[in-house]
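Shown next: entry.txt, containing compact mmCIF, C-alpha atoms.
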```txt
# COMPACT_ATOMS: atom_id res chain seq x y z
CA MET A 1 -46.43 48.78 15.59
CA PRO A 2 -45.97 45.86 13.16
CA TYR A 3 -48.12 42.80 13.68
CA THR A 4 -47.20 39.15 13.61
CA PRO A 5 -48.50 36.90 10.84
CA ALA A 6 -52.05 35.61 11.15
CA PRO A 7 -53.87 33.87 12.79
CA TYR A 8 -52.81 35.49 16.08
CA ALA A 9 -51.98 39.03 14.91
CA HIS A 10 -50.62 40.30 18.23
CA PRO A 11 -48.67 43.54 18.10
CA ARG A 12 -44.98 42.84 18.51
CA VAL A 13 -43.37 43.78 21.78
CA PRO A 14 -40.15 45.75 21.48
CA GLY A 15 -37.24 43.44 22.02
CA PRO A 16 -35.08 40.97 20.20
CA PRO A 17 -36.75 39.56 17.10
CA GLY A 18 -38.13 36.07 17.28
CA TYR A 19 -38.98 36.15 20.95
CA ALA A 20 -42.28 34.95 22.30
CA GLN A 21 -45.51 36.73 21.60
CA PRO A 22 -47.36 38.30 24.54
CA GLY A 23 -50.49 36.17 24.11
CA MET A 24 -48.57 32.88 24.28
CA ARG A 25 -49.27 30.80 27.39
CA ALA A 26 -46.42 30.72 29.91
CA ALA A 27 -44.99 27.46 31.22
CA SER A 28 -43.75 26.66 34.71
CA ALA A 29 -40.15 26.93 33.49
CA ASP A 30 -40.88 30.47 32.22
CA ARG A 31 -42.26 31.42 35.64
CA ASP A 32 -39.16 29.94 37.29
CA ARG A 33 -36.86 32.01 35.06
CA THR A 34 -38.88 35.15 35.81
CA ILE A 35 -38.60 34.49 39.55
CA ASP A 36 -34.84 34.09 39.03
CA VAL A 37 -34.77 37.61 37.54
CA LEU A 38 -36.71 38.93 40.54
CA THR A 39 -34.38 37.12 42.94
CA ALA A 40 -31.36 38.68 41.23
CA ALA A 41 -32.96 42.14 41.38
CA TYR A 42 -33.78 41.65 45.07
CA GLY A 43 -30.22 40.51 45.75
CA GLU A 44 -28.87 43.61 43.97
CA GLY A 45 -31.10 45.86 46.08
CA ARG A 46 -33.35 46.94 43.21
CA LEU A 47 -36.47 45.63 44.98
CA THR A 48 -37.65 45.77 48.58
CA LYS A 49 -38.90 42.66 50.34
CA GLU A 50 -42.54 43.76 49.89
CA GLU A 51 -42.04 44.43 46.16
CA PHE A 52 -40.30 41.09 45.75
CA ASP A 53 -43.15 39.21 47.49
CA THR A 54 -45.83 41.05 45.50
CA ARG A 55 -44.10 40.43 42.18
CA CYS A 56 -43.50 36.75 43.01
CA SER A 57 -47.21 36.26 43.66
CA ARG A 58 -47.98 37.97 40.34
CA VAL A 59 -45.53 35.66 38.57
CA LEU A 60 -47.10 32.55 40.09
CA SER A 61 -50.54 33.64 38.89
CA ALA A 62 -49.35 34.75 35.43
CA LYS A 63 -50.95 32.96 32.47
CA THR A 64 -49.16 34.52 29.46
CA TYR A 65 -45.80 35.97 28.49
CA ALA A 66 -47.35 39.44 28.65
CA ASP A 67 -48.20 38.87 32.32
CA LEU A 68 -44.61 37.80 33.03
CA GLY A 69 -43.19 40.66 30.98
CA ALA A 70 -45.19 43.21 32.94
CA VAL A 71 -43.71 41.97 36.23
CA VAL A 72 -40.08 42.48 35.16
CA ALA A 73 -40.50 45.31 32.61
CA ASP A 74 -38.75 47.91 34.81
CA LEU A 75 -35.81 45.63 35.64
CA PRO A 76 -32.58 45.45 33.62
CA ALA A 77 -33.41 41.95 32.41
CA GLY A 78 -36.27 43.38 30.32
CA PRO A 79 -39.66 41.91 29.66
CA PHE A 80 -38.56 38.86 27.67
CA SER A 81 -34.96 38.29 28.63
CA ALA A 82 -36.08 36.09 31.50
CA VAL A 83 -38.51 34.17 29.34
CA ALA A 84 -37.01 31.74 26.86
CA PRO A 85 -38.73 31.62 23.48
CA TYR A 86 -39.71 28.46 21.72
CA HIS A 87 -37.32 27.70 18.91
CA PRO A 88 -38.85 27.57 15.45
CA GLY A 89 -39.01 24.19 13.85
CA TYR A 90 -40.81 20.91 13.93
CA TYR A 91 -42.15 19.70 17.24
CA PRO A 92 -43.47 16.13 16.98
CA VAL A 93 -46.91 15.41 18.32
CA PRO A 94 -46.67 13.31 21.47
CA GLN A 95 -47.86 9.78 20.83
CA PRO A 96 -50.10 7.96 23.28
CA PRO A 97 -48.50 4.93 24.93
CA THR A 98 -48.84 1.44 23.52
CA SER A 99 -51.22 -0.82 25.39
CA GLY A 100 -49.33 -3.34 27.49
CA VAL A 101 -52.29 -5.72 27.34
CA ALA A 102 -52.09 -5.71 23.53
CA VAL A 103 -48.39 -6.54 23.72
CA ALA A 104 -49.17 -9.36 26.18
CA SER A 105 -51.81 -10.70 23.79
CA LEU A 106 -49.31 -10.89 20.94
CA ILE A 107 -46.68 -12.47 23.20
CA CYS A 108 -49.15 -15.16 24.28
CA ALA A 109 -50.12 -15.74 20.65
CA ILE A 110 -46.48 -16.25 19.67
CA ALA A 111 -45.95 -18.46 22.73
CA GLU A 112 -48.61 -20.87 21.40
CA PHE A 113 -46.03 -22.37 19.09
CA PHE A 114 -43.80 -23.20 22.05
CA THR A 115 -46.56 -24.29 24.45
CA LEU A 116 -48.42 -26.52 21.98
CA GLY A 117 -51.39 -24.13 21.82
CA ILE A 118 -51.98 -23.72 25.56
CA ALA A 119 -51.32 -19.97 25.35
CA ALA A 120 -54.04 -19.49 22.69
CA VAL A 121 -56.84 -18.92 25.19
CA PRO A 122 -54.97 -16.20 27.14
CA ALA A 123 -54.03 -14.59 23.80
CA VAL A 124 -57.71 -14.35 22.81
CA ILE A 125 -58.83 -13.08 26.21
CA LEU A 126 -56.04 -10.50 26.39
CA GLY A 127 -56.74 -9.44 22.79
CA HIS A 128 -60.38 -8.66 23.55
CA VAL A 129 -59.48 -6.86 26.79
CA ALA A 130 -56.83 -4.84 24.95
CA ARG A 131 -59.22 -3.77 22.19
CA ALA A 132 -61.78 -2.62 24.78
CA ASN A 133 -59.11 -0.67 26.68
CA ILE A 134 -57.76 0.90 23.48
CA LYS A 135 -61.23 2.11 22.49
CA ARG A 136 -61.76 3.54 25.98
CA THR A 137 -58.35 5.16 26.56
CA GLY A 138 -57.10 5.95 23.05
CA GLU A 139 -53.85 4.03 23.49
CA ARG A 140 -51.96 2.60 20.54
CA GLY A 141 -51.58 -1.13 19.82
CA ASP A 142 -54.82 -2.10 18.11
CA GLY A 143 -52.85 -3.99 15.45
CA LEU A 144 -50.98 -5.93 18.13
CA ALA A 145 -54.27 -6.90 19.76
CA ILE A 146 -55.74 -8.00 16.42
CA ALA A 147 -52.64 -10.07 15.65
CA GLY A 148 -52.94 -11.72 19.07
CA LEU A 149 -56.63 -12.43 18.43
CA VAL A 150 -56.02 -13.91 14.97
CA LEU A 151 -53.18 -16.14 16.09
CA GLY A 152 -55.09 -17.15 19.23
CA TYR A 153 -58.22 -18.08 17.30
CA LEU A 154 -56.08 -19.97 14.76
CA GLY A 155 -54.48 -21.93 17.62
CA ILE A 156 -57.89 -22.74 19.10
CA ALA A 157 -59.18 -23.75 15.65
CA CYS A 158 -56.17 -26.03 15.13
CA TRP A 159 -56.81 -27.74 18.47
CA ALA A 160 -60.53 -28.05 17.68
CA LEU A 161 -59.71 -29.57 14.28
CA PHE A 162 -57.22 -31.94 15.91
CA LEU A 163 -59.84 -33.08 18.44
CA VAL A 164 -62.49 -33.57 15.72
CA VAL A 165 -60.08 -35.68 13.66
CA LEU A 166 -59.08 -37.63 16.76
CA LEU A 167 -62.72 -38.33 17.68
CA ALA A 168 -63.56 -39.30 14.10
CA ALA A 169 -60.60 -41.66 13.97
CA SER A 170 -61.49 -43.25 17.30
CA SER A 171 -65.17 -43.74 16.38
CA GLN A 172 -64.30 -45.64 13.19
CA ARG A 173 -62.47 -48.42 15.05
```
Any chance you could put this one into structure tokens?
Amino acid sequence: MPYTPAPYAHPRVPGPPGYAQPGMRAASADRDRTIDVLTAAYGEGRLTKEEFDTRCSRVLSAKTYADLGAVVADLPAGPFSAVAPYHPGYYPVPQPPTSGVAVASLICAIAEFFTLGIAAVPAVILGHVARANIKRTGERGDGLAIAGLVLGYLGIACWALFLVVLLAASSQR
């Protein structure tokens, strides 16, 4: 029997080319499709009620395509007709969500310009909280948190400079 390319090297199961390999993990949707095949076979009278119940319990405990294929191998649907293969091609890696606290930090930092610097303190606090959460949870948005921190500290520094100049001007009178 010909083997698939490495690294898995499972023997191919007879059937249409390109269908799933027996060692591949089965998904819930694959189990649902296999139960649909069993339901159709039961409705056609190919299975008794006891066989149907036994096979359904085997499907629900199946881990791989080989397990699902063994349950429906003697039915007209065949071992892999009920199980949809994964299409070849690029599947993007799911990205973790962006931290909402980091977004809030940047929004507060931008709002400083409209609130005369009052939003600088919340921007700094939210920026530090966001960075701690990002390190703990692996979320995205570290750049947003840093931008909120930088703008927040700049706003605080501008207010501090303004107060120093104001105090210096008032002490010289």
Counting only C-alpha atoms, the residue of A:Ile156, A:Ala123, A:Ala130, A:Val71 that sits nearest Glu51 in chain A:
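Using only C-alpha atoms, Glu51 in chain A sits closest to A:Val71.
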Nearest to Ala66 in chain A, restricted to all atoms listed in the file and choosing among A:Glu112, A:Glu44, A:Glu139, A:Asp30, comes out as A:Asp30
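Note that the spacing between CA of Cys56 in chain A and CA of Pro76 in chain A amounts to 16.8 Å.
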query: So how many Å separate CA of Glu50 in chain A and CA of Asp74 in chain A, to one decimal?
result: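 Separation of CA of Glu50 in chain A and CA of Asp74 in chain A: 16.1 Å.
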Query raised in the report: Interatomic distance between CA of Arg33 in chain A and CA of Val72 in chain A?
Result: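 Interatomic distance, CA of Arg33 in chain A to CA of Val72 in chain A: 11.0 Å.
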Take every atom of range 60-75 of chain A listed in the file, fit an axis-aligned box around them, add 3 Å per side, and give the centre and edge lengths in Å to one decimal as JSON.
```
{"center_x": -43.4, "center_y": 40.2, "center_z": 34.3, "size_x": 21.1, "size_y": 21.4, "size_z": 17.6}
```
